[in-house]
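Engineer: One structure is given below, represented as structure tokens, and several questions about it will come after.
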Amino acid sequence: MEHCSSVVTMLSKAGMISEAYEFMSKQTSLNSDPTILRVLLRACSVHGNTRIGDIVANRLFDLEPENEHNFVLLMRIYQNTGRLEDAENAKMLRDRGL
């Protein structure tokens, strides 16, 4: 599994978000690993990929509903791509503990 997580990390850091997500999706063990999902979510934030960012964030919310950092990353993605209303909605969900 370690080499698989390295592949996701390398692809994510290189801005190859779709490729990283596709690779991760084929590895069932990675789909449930919050650390790997967060690597991909951070890359979505850096590279402005809202489509995959939404998918990954929702998976993280299922796995770690109490982790506010996941909400912060999603809000940053929305803010960086001009989706300010979505950023505000994510902030409200975080503040409500949802």
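Residue numbering restarts at 1 in every chain; chains get A, B, ... in the order shown in the structure tokens, and ligands count up from 1 in that same order.
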I'd like the neighbourhood of region 24-31 of chain A as a list in words, where a residue qualifies if any of its atoms comes within 8 Å (using only C-alpha atoms), though same-chain residues fewer than 4 positions away should be ignored.
Structural biologist: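 Result of the neighbour search: Met1, Cys4, Ser5, Val8, Ala20, Ile36 and Leu37 of chain A.
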Engineer: Take the residues just selected and output them with C-alpha atoms as a PDB file, in the first residue's frame.
Structural biologist:
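Result went into result_22.pdb, see below:
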```
ATOM      1  CA  MET A   1       0.000   0.000   0.000  1.00  0.00           C
ATOM      2  CA  CYS A   4       0.385   3.152  -3.977  1.00  0.00           C
ATOM      3  CA  SER A   5       0.145   6.109  -1.630  1.00  0.00           C
ATOM      4  CA  VAL A   8      -1.043   9.320  -5.441  1.00  0.00           C
ATOM      5  CA  ALA A  20      -4.217  10.611  -8.991  1.00  0.00           C
ATOM      6  CA  ILE A  36      -4.169   9.814   1.229  1.00  0.00           C
ATOM      7  CA  LEU A  37      -7.535  11.461   0.652  1.00  0.00           C
TER       8      LEU A  37
END
```
Engineer: Need to verify the contact set: region 59-66 of chain A, 9 Å, only C-alpha atoms, exclusion of same-chain residues closer than 5 positions in sequence. Can you return it as a VMD selection string?
Structural biologist: chain A and resid 31 to 34 37 to 38 54 71 94 97 to 98
Engineer: Need the shell around Val72 (chain A): protein/DNA/RNA residues with any atom at most 9 Å away, counting only C-alpha atoms. Skip same-chain ones fewer than 4 positions apart. Format as a list of chain:residue names?
Structural biologist: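 Once the nearby chain positions are removed, what remains is A:Glu68, A:Arg76, A:Ile77, A:Ala90, A:Lys91, A:Arg94.
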Engineer: Could you list, as a list in words, every residue within 10 Å of Val39 (chain A), counting only C-alpha atoms and ignoring same-chain residues fewer than 3 positions away?
Structural biologist: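 My reading of the contact set: Ser5, Val8, Thr9, Met10, Ser12, Lys13, Pro34, Thr35, Ile36, Arg42, Ala43, Cys44, Ser45 and Val56 of chain A.
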Engineer: Any idea what the distance is between CA of His69 (chain A) and CA of Glu85 (chain A)?
Structural biologist: 19.0 Å
Engineer: Go through A:Leu84, A:Ile17, A:Val7, A:Met75 and flag the residue nearest Ile52 (chain A), using only C-alpha atoms for the distances.
Structural biologist: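 So, comparing all the options, the nearest one is A:Ile17.
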Engineer: Measuring atom to atom with only C-alpha atoms, identify which of A:Arg96, A:Arg83, A:Leu40, A:Arg51 is nearest to Asn70 (chain A).
Structural biologist: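 Closest to Asn70 (chain A) of all the choices is A:Leu40.
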